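> Sharing a structure here in structure tokens format.
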Amino acid sequence: MTSTALPHEPQQQPEVHRGLAGVVADTTAISRVNPETNSLLYRGYPVQELAATQPFEAVAWLLWNGELPSEDDLTWLRANGRPHRPLADDVRAAIDALPADAHPMDEVRTAVSVIGARETAGESLLEAGASPEENVARSLRLFAALPAIVTYGQRRRRGLEPVPPREDLTYAENFLWMTHGELPDPVVVDAFNRSMILYAEHSFNASTFTARVIASTLSDLHSAVVGAIGALKGPLHGGANEMVMHVLEEIGSADRVDAWLDEALAARRKIMGFGHRVYKHGDSRVPTMRAALGTLVDHYGRQDLLDLYERLEARFVERKGIHPNLDYPSGPAYHLMGFDTVTFTPLFVAARVTGWTAHVMEQQAANSLIRPLAAYDGPPERHVPGYQPSAS
Ligand SMILES: CC(=O)SCCNC(=O)CCNC(=O)[C@H](O)C(C)(C)COP(=O)(O)OP(=O)(O)OC[C@H]1O[C@@H](n2cnc3c(N)ncnc32)[C@H](O)[C@@H]1OP(=O)(O)O
Ligand SMILES: O=C([O-])CC(=O)C(=O)O
């Protein structure tokens, strides 16, 4: 925790928690991150158990509703979500209007904004806002629509037409189908499904907290998600999975790790995919994602990539004692699945939208405007030259 003594009026200044490090801002029943036991629970269930057993749609339901879905719930989920899988015309037009080299996170942010305007059209701020039931339905529609947005971006950059979705496929199968236009191998589907579940939720991380701040003003769910996407884009948060791949490509091969790391550390570079604000002894999700990466390496015959991955991890941990976070194994895993590097953080959006929307609903169910204090350390009071107070 960083506490800063301020230069003015030192006796009267409150303790400052820069970056809100160590501050408990509210309660949540959605997930528990426990760095002592290196565990992560969604609504009480260990994330590893969910990743091994559940389709992503069931985990989305769990995050929104607090329980795993029954067969009837799954039927409702499929009937009400899957019809929203196609790329909507207004969304496609908005993406097409962006510069061809706009970052895909800007495409996704814009697309969610378009959907939000459509979903809330005609609503007045004088009304109470969406009901909890309507917010679950909006979350489901947004969750179902995101794969078309993310895959359209990648295909557009490759000069390819979008692939229409299929309602008979699971979330993970359909995502890969819309990416590549062919049915994926079960090994790849399983790794992708696990990655979505691992990325779905992580308590009060920066993007989720952003969503909660926006929700706390009683703004709408899509506005909160748009803000959260902006927070996720940064390389200290979700953008790190893209940066991991840039680093691995920059190094090139395992035999070049030592020399590269010497230079990077001498230049005081941050190595993306390592370190975490909460976990200081390793990220609870990494072993599961590392195992999924292993299956992909075997499937695609890319031991060279795993050698590079392992050498960098071993050397960095040895030198700095800083462990990998989830972005480290997911970057190369998404690369092997055939996603372009710039698409990696949008994949994180597609997963985390479940957690964000669950937090928006939790925030609004017991709302208190989020508005912290600041300790002022600017100039003491002074006056504009020539200003004359009026007699009144
Ligand atoms: C899914 C996710 O969003 S997980 C996070 C993804 N982000 C990344 O991978 C980006 C790289 N990592 C980082 O920048 C940091 O570890 C953060 C931002 C994630 C967490 O940071 P904080 O808790 O604020 O710790 P902070 O950045 O102050 O780091 C503490 C010390 O470790 C060093 N450090 C932390 N992470 C790294 C890293 N990846 N590479 C090099 N040094 C690092 C810092 O430079 C700092 O050193 P100093 O005390 O000598 O100045
Ligand atoms: O919790 C955090 O600060 C970042 C993170 O790992 C996540 O959002 O998944």
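Note on naming: chains are A, B, ... as they come in the structure tokens, residues start from 1 per chain, ligands start from 1 in the order shown.
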Identify, with DSSP run on backbone atoms, the residues in region 22-96 of chain A assigned to strand (DSSP E), and express the list as a PDB file with C-alpha atoms, in the first residue's frame.


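Now in selection_27.pdb:
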```pdb
ATOM      1  CA  SER A  31     -16.354 -13.491  -6.956  1.00  0.00           C
ATOM      2  CA  ARG A  32     -13.669 -13.892  -4.336  1.00  0.00           C
ATOM      3  CA  VAL A  33      -9.991 -13.370  -5.171  1.00  0.00           C
ATOM      4  CA  ASN A  34      -7.852 -14.810  -2.391  1.00  0.00           C
ATOM      5  CA  SER A  39      -7.799 -19.132  -5.281  1.00  0.00           C
ATOM      6  CA  LEU A  40     -10.608 -17.572  -7.252  1.00  0.00           C
ATOM      7  CA  LEU A  41     -14.258 -18.392  -6.630  1.00  0.00           C
ATOM      8  CA  TYR A  42     -17.215 -17.384  -8.825  1.00  0.00           C
ATOM      9  CA  TYR A  45     -17.321 -22.235  -7.094  1.00  0.00           C
ATOM     10  CA  PRO A  46     -13.559 -22.612  -7.759  1.00  0.00           C
TER      11      PRO A  46
END
```

> As a list in words, please: the residues near region 81-83 of chain A (cut-off 8 Å, only C-alpha atoms, same-chain neighbours under 3 positions excluded).

Leu77, Arg78, Pro86, Leu140, Arg141, Phe143, Ala144 and Glu167 of chain A

> Emit the selected residues as a PDB file, in the first residue's frame, including C-alpha atoms.


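Output (result_21.pdb):
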```pdb
ATOM      1  CA  LEU A  77     -30.587 -18.892 -22.236  1.00  0.00           C
ATOM      2  CA  ARG A  78     -30.173 -20.459 -25.671  1.00  0.00           C
ATOM      3  CA  PRO A  86     -25.760 -12.213 -36.090  1.00  0.00           C
ATOM      4  CA  LEU A 140     -27.510 -11.739 -22.466  1.00  0.00           C
ATOM      5  CA  ARG A 141     -28.151  -9.974 -25.777  1.00  0.00           C
ATOM      6  CA  PHE A 143     -22.966 -11.234 -24.550  1.00  0.00           C
ATOM      7  CA  ALA A 144     -24.491 -13.023 -27.562  1.00  0.00           C
ATOM      8  CA  GLU A 167     -27.472 -21.419 -33.310  1.00  0.00           C
TER       9      GLU A 167
END
```

> Might you pull out every residue within 7 Å of Gly275 (chain A), with only C-alpha atoms counted and same-chain residues fewer than 6 positions away left off, and present them as an MDAnalysis selection string?

chainID A and resid 322:325

> Output the selection as a PDB file, in the first residue's frame - N, CA and C atoms for each residue.


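To be explicit, this is the file written out as selection-v1.pdb:
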```pdb
ATOM      1  N   ILE A 322       8.820 -11.925  -9.865  1.00  0.00           N
ATOM      2  CA  ILE A 322       7.474 -11.498 -10.267  1.00  0.00           C
ATOM      3  C   ILE A 322       6.889 -12.577 -11.181  1.00  0.00           C
ATOM      4  N   HIS A 323       5.677 -13.015 -10.851  1.00  0.00           N
ATOM      5  CA  HIS A 323       5.085 -14.181 -11.525  1.00  0.00           C
ATOM      6  C   HIS A 323       4.164 -13.774 -12.681  1.00  0.00           C
ATOM      7  N   PRO A 324       3.907 -14.725 -13.598  1.00  0.00           N
ATOM      8  CA  PRO A 324       3.002 -14.403 -14.714  1.00  0.00           C
ATOM      9  C   PRO A 324       1.557 -14.217 -14.252  1.00  0.00           C
ATOM     10  N   ASN A 325       0.826 -13.378 -14.961  1.00  0.00           N
ATOM     11  CA  ASN A 325      -0.620 -13.279 -14.749  1.00  0.00           C
ATOM     12  C   ASN A 325      -1.320 -13.975 -15.918  1.00  0.00           C
TER      13      ASN A 325
END
```

> Could I get the residue neighbourhood of ligand 2 at 9 Å, counting only C-alpha atoms and all ligand atoms, as a VMD selection string?

chain A and resid 33 198 to 208 232 236 to 238 276 to 279 283 285 325 to 327 348 352

> List the neighbours of Gln364 (chain A) out to 12 Å using only C-alpha atoms; skip same-chain residues closer than 2 positions along the sequence, and give me the result as a VMD selection string.

chain A and resid 128 to 132 135 211 to 221 224 357 to 362 366 to 370

> Generate a file of the selected residues that holds C-alpha atoms, formatted as a CSV table (one decimal), in the first residue's frame.


```csv
chain,number,residue,atom,x,y,z
A,128,ALA,CA,-36.2,4.6,-13.0
A,129,GLY,CA,-34.0,2.8,-15.6
A,130,ALA,CA,-34.1,-0.8,-16.6
A,131,SER,CA,-35.4,-3.4,-14.1
A,132,PRO,CA,-33.1,-6.2,-12.9
A,135,ASN,CA,-30.8,-5.8,-17.3
A,211,ALA,CA,-18.3,-0.1,-14.7
A,212,ARG,CA,-19.4,0.2,-11.1
A,213,VAL,CA,-18.5,3.9,-10.9
A,214,ILE,CA,-20.6,4.5,-14.0
A,215,ALA,CA,-23.5,2.3,-12.8
A,216,SER,CA,-23.4,4.1,-9.4
A,217,THR,CA,-24.6,7.3,-11.1
A,218,LEU,CA,-27.7,5.2,-12.2
A,219,SER,CA,-26.4,5.4,-15.8
A,220,ASP,CA,-27.4,2.5,-18.1
A,221,LEU,CA,-25.7,-0.9,-18.4
A,224,ALA,CA,-21.0,1.2,-18.0
A,357,THR,CA,-22.7,-6.7,-16.3
A,358,ALA,CA,-23.1,-8.8,-13.1
A,359,HIS,CA,-21.4,-6.0,-11.2
A,360,VAL,CA,-23.6,-3.3,-12.8
A,361,MET,CA,-26.6,-5.2,-11.5
A,362,GLU,CA,-25.1,-5.8,-8.1
A,366,ALA,CA,-27.8,-1.7,-3.4
A,367,ASN,CA,-26.5,1.6,-4.8
A,368,SER,CA,-24.3,4.2,-3.3
A,369,LEU,CA,-22.8,6.8,-5.5
A,370,ILE,CA,-19.0,6.1,-5.8
```

> Can you list, as a PDB file with C-alpha atoms, in the first residue's frame, every protein, DNA or RNA residue that comes within 10 Å of Asp106 (chain A) when you count only C-alpha atoms, leaving out same-chain residues fewer than 4 positions away?


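part36.pdb was written with the following content:
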```
ATOM      1  CA  ILE A  95     -17.455  -0.292 -37.553  1.00  0.00           C
ATOM      2  CA  LEU A  98     -14.058   3.863 -38.451  1.00  0.00           C
ATOM      3  CA  ALA A 102      -8.543   1.812 -35.799  1.00  0.00           C
ATOM      4  CA  THR A 110     -18.081   1.834 -30.641  1.00  0.00           C
ATOM      5  CA  ALA A 111     -20.196  -1.234 -31.393  1.00  0.00           C
ATOM      6  CA  VAL A 112     -21.337  -1.527 -27.768  1.00  0.00           C
ATOM      7  CA  VAL A 226     -18.377   1.179 -22.808  1.00  0.00           C
ATOM      8  CA  ILE A 229     -13.866  -1.375 -22.362  1.00  0.00           C
ATOM      9  CA  GLY A 230     -11.891   1.869 -22.275  1.00  0.00           C
ATOM     10  CA  LYS A 233      -7.732  -1.393 -23.325  1.00  0.00           C
ATOM     11  CA  PRO A 346     -11.386  -7.817 -27.634  1.00  0.00           C
TER      12      PRO A 346
END
```

> Mind pulling up the distance from CA of Val163 (chain A) to CA of His180 (chain A)?

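Separation between CA of His180 (chain A) and CA of Val163 (chain A): 8.0 Å.
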
> Go through A:Gly355, A:Gly22, A:Pro287, A:Pro372 one by one, measure the shortest atom-to-atom distance of each to Arg194 (chain A) using only C-alpha atoms, and give the residue with the smallest value.

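The shortest atom-to-atom distance to Arg194 (chain A) comes from A:Pro287.
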
> For Tyr152 (chain A), which residue among A:Glu119, A:Glu107, A:Asp185, A:Asp72 is the nearest when counting only C-alpha atoms?

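Looking only at the distances to Tyr152 (chain A), the closest residue turns out to be A:Glu107.
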